[in-house]
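Raw contents of data-v8.csv, CSV, C-alpha atoms:
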```
chain,number,residue,atom,x,y,z
A,1,MET,CA,0.0,0.0,0.0
A,2,ALA,CA,1.4,3.4,-1.0
A,3,ILE,CA,2.2,5.9,1.7
A,4,THR,CA,-0.4,8.6,1.5
A,5,GLN,CA,0.6,10.7,4.5
A,6,LEU,CA,4.0,12.3,4.4
A,7,HIS,CA,5.6,12.9,7.8
A,8,ASP,CA,8.7,14.9,8.8
A,9,ILE,CA,10.4,11.5,9.3
A,10,HIS,CA,10.2,10.9,5.6
A,11,ARG,CA,12.0,14.1,4.9
A,12,ARG,CA,14.7,13.2,7.4
A,13,ARG,CA,15.1,9.7,5.9
A,14,ALA,CA,15.4,11.2,2.4
A,15,SER,CA,18.1,13.6,3.7
A,16,ARG,CA,20.0,10.6,5.1
A,17,ASN,CA,19.7,8.6,1.9
A,18,LEU,CA,20.9,11.4,-0.3
A,19,GLY,CA,23.7,12.1,2.1
A,20,LEU,CA,24.8,8.5,1.9
A,21,LEU,CA,24.5,8.5,-1.9
A,22,ALA,CA,26.8,11.5,-2.1
A,23,VAL,CA,29.3,9.9,0.2
A,24,LEU,CA,29.4,6.6,-1.7
A,25,LEU,CA,29.8,8.4,-5.1
A,26,GLY,CA,32.5,10.6,-3.6
A,27,PHE,CA,34.3,7.5,-2.3
A,28,VAL,CA,34.2,5.8,-5.7
A,29,VAL,CA,35.7,8.9,-7.4
A,30,LEU,CA,38.3,9.1,-4.6
A,31,VAL,CA,39.5,5.5,-4.9
A,32,PHE,CA,39.5,5.7,-8.7
A,33,GLY,CA,41.6,8.9,-8.6
A,34,LEU,CA,44.0,7.5,-6.1
A,35,THR,CA,44.4,4.4,-8.3
A,36,VAL,CA,45.3,6.6,-11.4
A,37,VAL,CA,47.8,8.6,-9.4
A,38,LYS,CA,49.5,5.6,-7.9
A,39,VAL,CA,49.7,3.7,-11.1
A,40,GLU,CA,51.1,6.7,-13.0
A,41,HIS,CA,53.8,7.2,-10.4
A,42,GLY,CA,54.8,3.6,-10.4
A,43,ALA,CA,54.0,2.7,-6.8
A,44,SER,CA,54.4,-1.0,-5.8
A,45,MET,CA,51.2,-2.6,-7.0
A,46,GLN,CA,51.8,-6.3,-6.4
A,47,ALA,CA,51.3,-8.3,-3.4
A,48,PHE,CA,51.3,-12.0,-2.5
A,49,ASP,CA,48.8,-13.9,-4.6
A,50,HIS,CA,48.9,-17.5,-3.5
A,51,GLN,CA,52.1,-18.3,-5.4
A,52,PRO,CA,55.6,-16.8,-5.3
A,53,ARG,CA,56.1,-14.0,-7.8
A,54,VAL,CA,59.5,-13.6,-9.4
A,55,SER,CA,59.2,-9.8,-9.3
A,56,LEU,CA,58.6,-9.9,-5.5
A,57,LEU,CA,61.3,-12.4,-4.6
A,58,PRO,CA,64.6,-11.1,-3.1
A,59,LYS,CA,67.5,-11.0,-5.6
A,60,VAL,CA,69.8,-13.9,-5.3
A,61,GLU,CA,73.6,-13.6,-5.9
A,62,GLY,CA,74.8,-14.8,-9.2
A,63,GLN,CA,71.5,-14.8,-11.0
B,1,MET,CA,-5.1,0.5,8.2
B,2,SER,CA,-4.3,2.4,11.3
B,3,ASP,CA,-1.6,5.0,11.9
B,4,ILE,CA,0.8,3.6,14.4
B,5,SER,CA,2.8,5.7,16.7
B,6,TYR,CA,6.1,4.5,15.2
B,7,HIS,CA,6.1,7.8,13.2
B,8,ASP,CA,6.8,9.8,16.3
B,9,ARG,CA,9.9,7.9,17.2
B,10,GLN,CA,12.3,10.5,18.4
B,11,ALA,CA,15.8,9.4,17.4
B,12,GLU,CA,15.9,9.7,13.6
B,13,GLY,CA,18.1,12.6,12.6
B,14,ASP,CA,18.7,13.9,9.1
B,15,ALA,CA,22.0,14.2,7.3
B,16,ARG,CA,22.9,17.5,9.0
B,17,ASP,CA,22.6,15.8,12.4
B,18,PHE,CA,25.2,13.3,11.4
B,19,LEU,CA,27.4,16.1,10.1
B,20,ALA,CA,27.1,17.8,13.4
B,21,LEU,CA,28.4,14.7,15.1
B,22,LEU,CA,31.7,15.2,13.3
B,23,LYS,CA,32.2,18.6,15.1
B,24,PRO,CA,32.9,20.6,11.9
B,25,ARG,CA,34.4,23.6,13.7
B,26,VAL,CA,37.1,21.4,15.3
B,27,MET,CA,37.5,19.7,12.0
B,28,SER,CA,38.4,22.9,10.3
B,29,LEU,CA,41.3,23.4,12.7
B,30,VAL,CA,42.4,19.8,12.1
B,31,VAL,CA,42.3,20.3,8.4
B,32,PHE,CA,44.3,23.5,8.6
B,33,THR,CA,47.1,22.3,10.9
B,34,ALA,CA,47.4,18.9,9.2
B,35,LEU,CA,47.6,20.6,5.8
B,36,THR,CA,50.4,22.9,7.2
B,37,GLY,CA,52.3,19.9,8.5
B,38,LEU,CA,52.0,18.3,5.0
B,39,LEU,CA,53.0,21.4,3.1
B,40,VAL,CA,56.0,22.4,5.1
B,41,ALA,CA,57.5,18.9,5.0
B,42,PRO,CA,60.6,18.6,2.8
B,43,VAL,CA,59.1,15.8,0.7
B,44,PRO,CA,56.6,16.8,-2.0
B,45,VAL,CA,53.3,15.0,-2.1
B,46,HIS,CA,51.1,14.5,-5.2
B,47,PRO,CA,48.2,17.0,-4.8
B,48,PHE,CA,45.5,14.3,-5.1
B,49,VAL,CA,47.2,12.1,-2.5
B,50,ALA,CA,47.6,15.2,-0.3
B,51,PHE,CA,43.9,16.0,-0.7
B,52,THR,CA,42.9,12.4,0.1
B,53,ALA,CA,45.2,12.3,3.1
B,54,ILE,CA,43.8,15.5,4.5
B,55,LEU,CA,40.3,14.3,3.9
B,56,PHE,CA,40.8,11.1,5.9
B,57,ILE,CA,42.7,12.9,8.7
B,58,ALA,CA,39.7,15.2,9.0
B,59,LEU,CA,37.3,12.2,8.9
B,60,GLY,CA,39.4,10.5,11.7
B,61,GLY,CA,39.1,13.8,13.7
B,62,GLY,CA,35.3,13.7,13.0
B,63,ALA,CA,35.1,10.1,14.1
B,64,SER,CA,36.7,11.0,17.5
B,65,GLY,CA,34.2,13.9,17.7
B,66,ALA,CA,31.3,11.5,17.3
B,67,LEU,CA,32.7,9.0,19.8
B,68,ASN,CA,33.3,11.9,22.2
B,69,MET,CA,29.7,13.0,21.9
B,70,TRP,CA,28.5,9.4,22.4
B,71,TYR,CA,30.4,9.1,25.6
B,72,ASP,CA,29.8,12.6,26.9
B,73,ALA,CA,26.1,12.8,26.1
B,74,ASP,CA,25.3,12.9,29.9
B,75,ILE,CA,27.5,15.9,30.4
B,76,ASP,CA,26.3,17.6,27.2
B,77,ARG,CA,22.7,17.4,28.4
B,78,VAL,CA,23.6,19.5,31.5
B,79,MET,CA,25.7,22.2,29.8
B,80,ARG,CA,23.9,25.0,28.1
B,81,ARG,CA,26.6,25.3,25.4
B,82,THR,CA,26.2,21.7,24.3
B,83,ALA,CA,22.5,20.8,25.2
B,84,ASN,CA,21.4,21.1,21.5
B,85,ARG,CA,23.9,18.6,20.2
B,86,PRO,CA,22.2,15.7,18.3
B,87,ILE,CA,22.4,13.1,21.1
B,88,PRO,CA,21.2,15.2,24.1
B,89,ALA,CA,18.6,16.8,21.8
B,90,GLY,CA,17.3,13.3,21.0
B,91,ARG,CA,17.7,13.4,17.3
B,92,ILE,CA,20.4,10.7,17.2
B,93,SER,CA,20.6,7.7,19.6
B,94,GLY,CA,23.7,6.9,21.5
B,95,GLY,CA,24.1,3.6,19.7
B,96,GLU,CA,23.9,5.2,16.3
B,97,ALA,CA,26.6,7.7,17.2
B,98,LEU,CA,28.8,4.9,18.5
B,99,GLY,CA,28.5,2.9,15.3
B,100,PHE,CA,28.9,5.9,13.1
B,101,GLY,CA,32.1,6.9,15.0
B,102,LEU,CA,33.7,3.5,15.1
B,103,GLY,CA,32.9,2.9,11.4
B,104,LEU,CA,34.4,6.2,10.3
B,105,ALA,CA,37.4,5.7,12.6
B,106,GLY,CA,38.2,2.4,10.9
B,107,ILE,CA,37.6,3.6,7.4
B,108,SER,CA,39.7,6.8,7.9
B,109,CYS,CA,42.7,4.9,9.3
B,110,VAL,CA,42.7,2.2,6.7
B,111,MET,CA,42.3,4.7,3.8
B,112,LEU,CA,45.0,7.0,5.2
B,113,ALA,CA,47.4,4.0,5.4
B,114,LEU,CA,46.5,3.1,1.8
B,115,ALA,CA,46.7,6.6,0.4
B,116,ALA,CA,49.8,7.7,2.2
B,117,ASN,CA,51.7,5.2,4.3
B,118,VAL,CA,51.1,2.8,7.1
B,119,PHE,CA,52.9,4.9,9.7
B,120,ALA,CA,50.5,7.8,9.1
B,121,GLY,CA,47.5,5.5,9.3
B,122,LEU,CA,48.7,4.1,12.6
B,123,PHE,CA,49.4,7.6,13.9
B,124,LEU,CA,45.8,8.6,13.1
B,125,ALA,CA,44.5,5.5,14.9
B,126,PHE,CA,46.7,6.4,17.9
B,127,THR,CA,45.3,9.9,17.9
B,128,ILE,CA,41.7,8.7,17.9
B,129,PHE,CA,42.5,6.3,20.7
B,130,PHE,CA,44.2,9.0,22.7
B,131,TYR,CA,41.3,11.5,22.3
B,132,VAL,CA,38.5,9.0,22.9
B,133,VAL,CA,40.0,6.7,25.5
B,134,VAL,CA,42.7,8.6,27.3
B,135,TYR,CA,41.1,12.0,27.2
B,136,THR,CA,37.3,11.6,27.0
B,137,MET,CA,36.9,8.4,29.0
B,138,TRP,CA,39.7,8.5,31.4
B,139,LEU,CA,41.1,11.9,32.3
B,140,LYS,CA,38.4,14.5,31.4
B,141,ARG,CA,36.4,13.7,34.5
B,142,ALA,CA,39.3,12.7,36.7
B,143,THR,CA,41.7,15.6,36.8
B,144,PRO,CA,41.7,19.4,36.4
B,145,GLN,CA,44.7,19.0,34.1
B,146,ASN,CA,42.2,17.4,31.6
B,147,ILE,CA,42.6,20.3,29.1
B,148,VAL,CA,46.4,19.8,29.0
B,149,ILE,CA,46.0,16.1,28.1
B,150,GLY,CA,43.2,16.8,25.6
B,151,GLY,CA,45.5,19.4,24.0
B,152,ALA,CA,47.9,16.6,23.0
B,153,ALA,CA,45.2,15.0,21.0
B,154,GLY,CA,44.5,18.2,19.2
B,155,ALA,CA,48.2,18.7,18.6
B,156,PHE,CA,48.8,15.5,16.7
B,157,PRO,CA,47.3,16.5,13.3
B,158,PRO,CA,50.3,18.5,12.0
B,159,MET,CA,52.5,15.6,13.0
B,160,ILE,CA,50.2,13.3,10.9
B,161,GLY,CA,50.4,15.7,8.0
B,162,TRP,CA,54.2,15.6,8.3
B,163,ALA,CA,54.1,11.8,8.5
B,164,VAL,CA,52.0,11.6,5.3
B,165,ALA,CA,54.9,13.3,3.4
B,166,THR,CA,57.9,11.9,5.2
B,167,GLY,CA,56.7,8.7,6.8
B,168,GLY,CA,58.2,9.6,10.2
B,169,VAL,CA,58.6,12.0,13.0
B,170,SER,CA,61.2,14.8,13.3
B,171,LEU,CA,62.2,17.8,15.4
B,172,GLU,CA,60.1,20.1,13.1
B,173,SER,CA,56.9,18.0,13.5
B,174,LEU,CA,57.5,17.9,17.3
B,175,ALA,CA,57.8,21.7,17.3
B,176,MET,CA,54.4,22.1,15.6
B,177,PHE,CA,53.0,19.6,18.1
B,178,ALA,CA,54.4,21.6,21.0
B,179,VAL,CA,53.0,24.9,19.8
B,180,ILE,CA,49.4,23.5,19.7
B,181,PHE,CA,49.9,21.4,22.9
B,182,LEU,CA,51.0,24.5,25.0
B,183,TRP,CA,48.5,26.8,23.3
B,184,THR,CA,45.5,24.7,24.2
B,185,PRO,CA,45.4,25.3,28.0
B,186,PRO,CA,45.4,29.1,27.9
B,187,HIS,CA,42.9,28.9,25.1
B,188,PHE,CA,40.4,26.7,27.0
B,189,TRP,CA,40.9,28.2,30.4
B,190,ALA,CA,40.1,31.6,29.0
B,191,LEU,CA,36.8,30.0,27.7
B,192,ALA,CA,36.2,28.5,31.2
B,193,LEU,CA,36.7,31.9,32.8
B,194,PHE,CA,33.7,33.4,31.0
B,195,MET,CA,31.6,30.2,30.6
B,196,ARG,CA,31.0,30.4,34.4
B,197,ASP,CA,28.6,27.8,35.7
B,198,ASP,CA,28.4,25.3,32.9
B,199,TYR,CA,31.3,23.1,33.9
B,200,SER,CA,30.5,23.1,37.6
B,201,ASN,CA,26.9,22.1,36.9
B,202,ALA,CA,28.1,19.2,34.8
B,203,GLY,CA,30.6,18.1,37.4
B,204,VAL,CA,33.6,18.2,35.0
B,205,PRO,CA,36.7,19.1,37.1
B,206,MET,CA,37.7,22.3,35.3
B,207,LEU,CA,40.5,24.2,36.8
B,208,THR,CA,38.2,27.2,37.5
B,209,VAL,CA,36.0,24.9,39.6
B,210,THR,CA,38.7,22.9,41.5
B,211,HIS,CA,41.4,25.5,42.1
B,212,GLY,CA,39.5,28.7,41.7
B,213,ARG,CA,39.6,31.5,39.2
B,214,ARG,CA,42.7,33.1,40.7
B,215,ALA,CA,44.7,30.0,40.1
B,216,THR,CA,43.3,29.6,36.6
B,217,ARG,CA,44.6,33.1,35.7
B,218,ARG,CA,48.0,32.2,37.0
B,219,HIS,CA,48.0,29.0,35.0
B,220,ILE,CA,47.1,30.9,31.8
B,221,LEU,CA,50.0,33.2,32.3
B,222,ALA,CA,52.4,30.4,33.1
B,223,TYR,CA,51.5,28.4,30.0
B,224,THR,CA,51.7,31.5,27.8
B,225,LEU,CA,55.2,32.1,29.1
B,226,ILE,CA,56.3,28.5,28.3
B,227,LEU,CA,54.6,28.7,24.9
B,228,ALA,CA,56.4,31.8,23.7
B,229,PRO,CA,60.0,30.4,23.5
B,230,VAL,CA,58.7,27.2,21.8
B,231,ALA,CA,56.7,29.2,19.2
B,232,VAL,CA,59.5,31.6,18.6
B,233,GLY,CA,62.2,28.8,18.7
B,234,THR,CA,60.4,27.0,15.9
B,235,ALA,CA,61.7,29.8,13.6
B,236,PHE,CA,65.2,28.4,14.0
B,237,THR,CA,64.3,24.9,12.8
B,238,SER,CA,64.4,23.9,9.1
B,239,ILE,CA,60.7,24.9,8.6
B,240,GLY,CA,61.2,28.4,10.1
B,241,GLY,CA,62.7,31.6,8.7
B,242,PRO,CA,62.7,35.4,9.1
B,243,LEU,CA,59.1,35.8,8.0
B,244,TYR,CA,57.9,33.2,10.5
B,245,LEU,CA,60.1,34.7,13.2
B,246,ALA,CA,58.7,38.2,12.7
B,247,VAL,CA,55.1,36.9,12.9
B,248,ALA,CA,55.9,34.7,16.0
B,249,LEU,CA,57.5,37.6,17.8
B,250,GLY,CA,54.6,39.9,17.2
B,251,LEU,CA,51.9,37.3,18.1
B,252,ASN,CA,53.7,36.1,21.2
B,253,ALA,CA,54.2,39.6,22.6
B,254,LEU,CA,50.5,40.3,22.2
B,255,PHE,CA,49.6,36.9,23.7
B,256,ILE,CA,51.8,37.4,26.8
B,257,ARG,CA,50.4,41.0,27.2
B,258,GLY,CA,46.9,39.6,27.1
B,259,ALA,CA,47.7,36.8,29.6
B,260,TRP,CA,49.4,39.3,31.9
B,261,ARG,CA,46.3,41.5,31.9
B,262,LEU,CA,44.1,38.6,32.7
B,263,TRP,CA,46.4,37.7,35.6
B,264,ARG,CA,46.3,41.2,37.0
B,265,ARG,CA,42.6,41.5,36.7
B,266,ASP,CA,40.4,41.6,39.8
B,267,GLU,CA,37.5,39.1,39.8
B,268,ALA,CA,34.9,41.7,40.6
B,269,VAL,CA,36.1,44.0,37.9
B,270,ALA,CA,36.0,41.1,35.4
B,271,GLU,CA,32.5,40.2,36.3
B,272,ALA,CA,31.4,43.9,36.1
B,273,GLU,CA,32.8,44.1,32.6
B,274,LYS,CA,31.1,40.8,31.6
B,275,TYR,CA,34.5,39.2,31.0
B,276,ALA,CA,35.2,41.4,28.0
B,277,ALA,CA,39.0,41.0,28.4
B,278,GLU,CA,38.7,37.2,28.8
B,279,LYS,CA,36.6,37.0,25.6
B,280,ARG,CA,39.1,39.1,23.7
B,281,PHE,CA,41.9,36.9,24.9
B,282,PHE,CA,40.0,33.8,23.8
B,283,TYR,CA,39.3,35.1,20.3
B,284,PHE,CA,42.9,36.4,20.0
B,285,SER,CA,44.1,32.9,20.9
B,286,LEU,CA,42.4,31.6,17.8
B,287,LEU,CA,44.1,34.2,15.7
B,288,TYR,CA,47.4,33.4,17.4
B,289,LEU,CA,47.3,29.7,16.3
B,290,PHE,CA,46.1,30.5,12.8
B,291,GLY,CA,48.8,33.2,12.5
B,292,HIS,CA,51.6,30.8,13.4
B,293,PHE,CA,50.6,28.1,11.0
B,294,ALA,CA,49.7,30.5,8.2
B,295,ALA,CA,53.2,32.0,8.7
B,296,LEU,CA,54.8,28.5,8.4
B,297,ILE,CA,53.0,28.0,5.0
B,298,ALA,CA,53.9,31.5,3.9
B,299,GLN,CA,57.5,30.9,4.9
B,300,LYS,CA,57.6,27.7,2.8
B,301,ALA,CA,56.1,29.6,-0.2
B,302,VAL,CA,58.7,32.3,0.1
B,303,LEU,CA,61.5,29.7,0.3
B,304,ASN,CA,60.2,27.9,-2.8
B,305,LEU,CA,60.4,31.2,-4.6
B,306,GLY,CA,64.1,31.2,-3.8
B,307,PHE,CA,64.5,33.8,-1.1
B,308,GLY,CA,63.8,34.5,2.6
B,309,GLY,CA,65.6,31.5,4.2
B,310,TRP,CA,68.2,31.5,6.9
```
Since I need it in another form, could you write the structure as structure tokens?
Amino acid sequence: MAITQLHDIHRRRASRNLGLLAVLLGFVVLVFGLTVVKVEHGASMQAFDHQPRVSLLPKVEGQ
Amino acid sequence: MSDISYHDRQAEGDARDFLALLKPRVMSLVVFTALTGLLVAPVPVHPFVAFTAILFIALGGGASGALNMWYDADIDRVMRRTANRPIPAGRISGGEALGFGLGLAGISCVMLALAANVFAGLFLAFTIFFYVVVYTMWLKRATPQNIVIGGAAGAFPPMIGWAVATGGVSLESLAMFAVIFLWTPPHFWALALFMRDDYSNAGVPMLTVTHGRRATRRHILAYTLILAPVAVGTAFTSIGGPLYLAVALGLNALFIRGAWRLWRRDEAVAEAEKYAAEKRFFYFSLLYLFGHFAALIAQKAVLNLGFGGW
């Protein structure tokens, strides 16, 4: 059944929902921007991924 | 269908109430001092990373504000200055504020560690812990030196900003810490002098309540005198310079003069004048801190242009 009577509480809930929407969208933009900056500046991007990676292993003498 | 009374439930605030939990006015000080620490550091930071770092330092500060309001709701209810905050006013429930604060604290520390470095993230976590647990829960209600301890929490942001750039601590970042740390007691005790009854009604052991107003005036002068050499001495570290020195000398002379006048003042005269001098000193103390940090940024800008260093 549709809500026929609007109450102040609906305005407050709408305000919270819009606030959360803005925060989440902002967070997406932020993480994306941070990724672009870090990749462009060649920050260390690799981590352990269930098997040893050559690029992450310490250098061994004579190799 | 019948209208049920659920509609009239009190605790359901709008977005502005949640924003108020973050103490935006305190946040502006955190943003400004953290930005200063980041800008004056010798290592350049990418502007976007700097923006993100400052944002999450501010959010961490806001989280401690929300946790502080959650814990102090009983005091806030009694004091006139704070009675209209979201929790005592019934717009947000204590549990909501607690969850909001804890969630934001976690997000801000993790994001700062990812955006900048792990040391900065841990430093932010320590600052939140210090403000919420050491200051709010433990010492605020236990000792009249609460303001001094609380000042330390407020003094960490420039050190975090410095850590974002350099990944560590140094003499310069400690100097910025010391300036805010020593500035806080005179600043808040001046406020306590003209916010007469609030703190005693709430049972918070403010110095004005426990040791009297005469002793508070003496303490204000003492801290001002200790603060001055530290603030001026910062000019001779690597972040200082002639421009900062000139600003620091001027502001400290005025600050000491103001504290001296408060110390000499008779209580009856102060009350008759409605604490005009105390209020002036309080507002000047805001200008004092802003002036020092703005001078540090200006000094750095001048140095980058190639002149004005030691």
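Within 7 Å of chain B, and using only C-alpha atoms, the residues found on chain A are Ile9, Arg12, Arg13, Ser15, Arg16, Gly19 and Leu34 of chain A.
Nearest to Asp76 in chain B of all the residues B:Val204, B:Ile107, B:Leu227, B:Leu193 is B:Val204, counting only C-alpha atoms.
Residue nearest Glu273 in chain B within the list B:Ala163, B:Phe194, B:Leu21, B:Gly62: B:Phe194 [criterion: smallest interatomic distance, only C-alpha atoms].
Atom pair CA of Ala246 in chain B / CA of Met176 in chain B has a distance of 16.9 Å (rounded to one decimal).
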Counting only C-alpha atoms, what is within 9 Å of Val164 in chain B, bar same-chain residues fewer than 5 positions away, as a list in words? Gly37, Leu38, Val45, Ala50, Ala53, Leu112, Ala113, Ala115, Ala116, Asn117, Phe119, Ala120, Gly121 and Met159 of chain B
Expressed in Å, the length from CA of Ala277 in chain B to CA of Arg265 in chain B is 9.1 Å
Work out how far CA of Leu67 in chain B is from CA of Val133 in chain B, in Å to one decimal. 9.5 Å
Skipping near chain neighbours, those fewer than 5 positions away, what residues fall within 12 Å of Gly212 in chain B using all atoms listed in the file, listed as number ranges by chain? B: 144, 189, 192-193, 196, 200, 205-207, 217-219, 267
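Closest to Pro44 in chain B among B:Gly94, B:Pro185, B:Gly167, B:Gly291 is B:Gly167, based on all atoms listed in the file.
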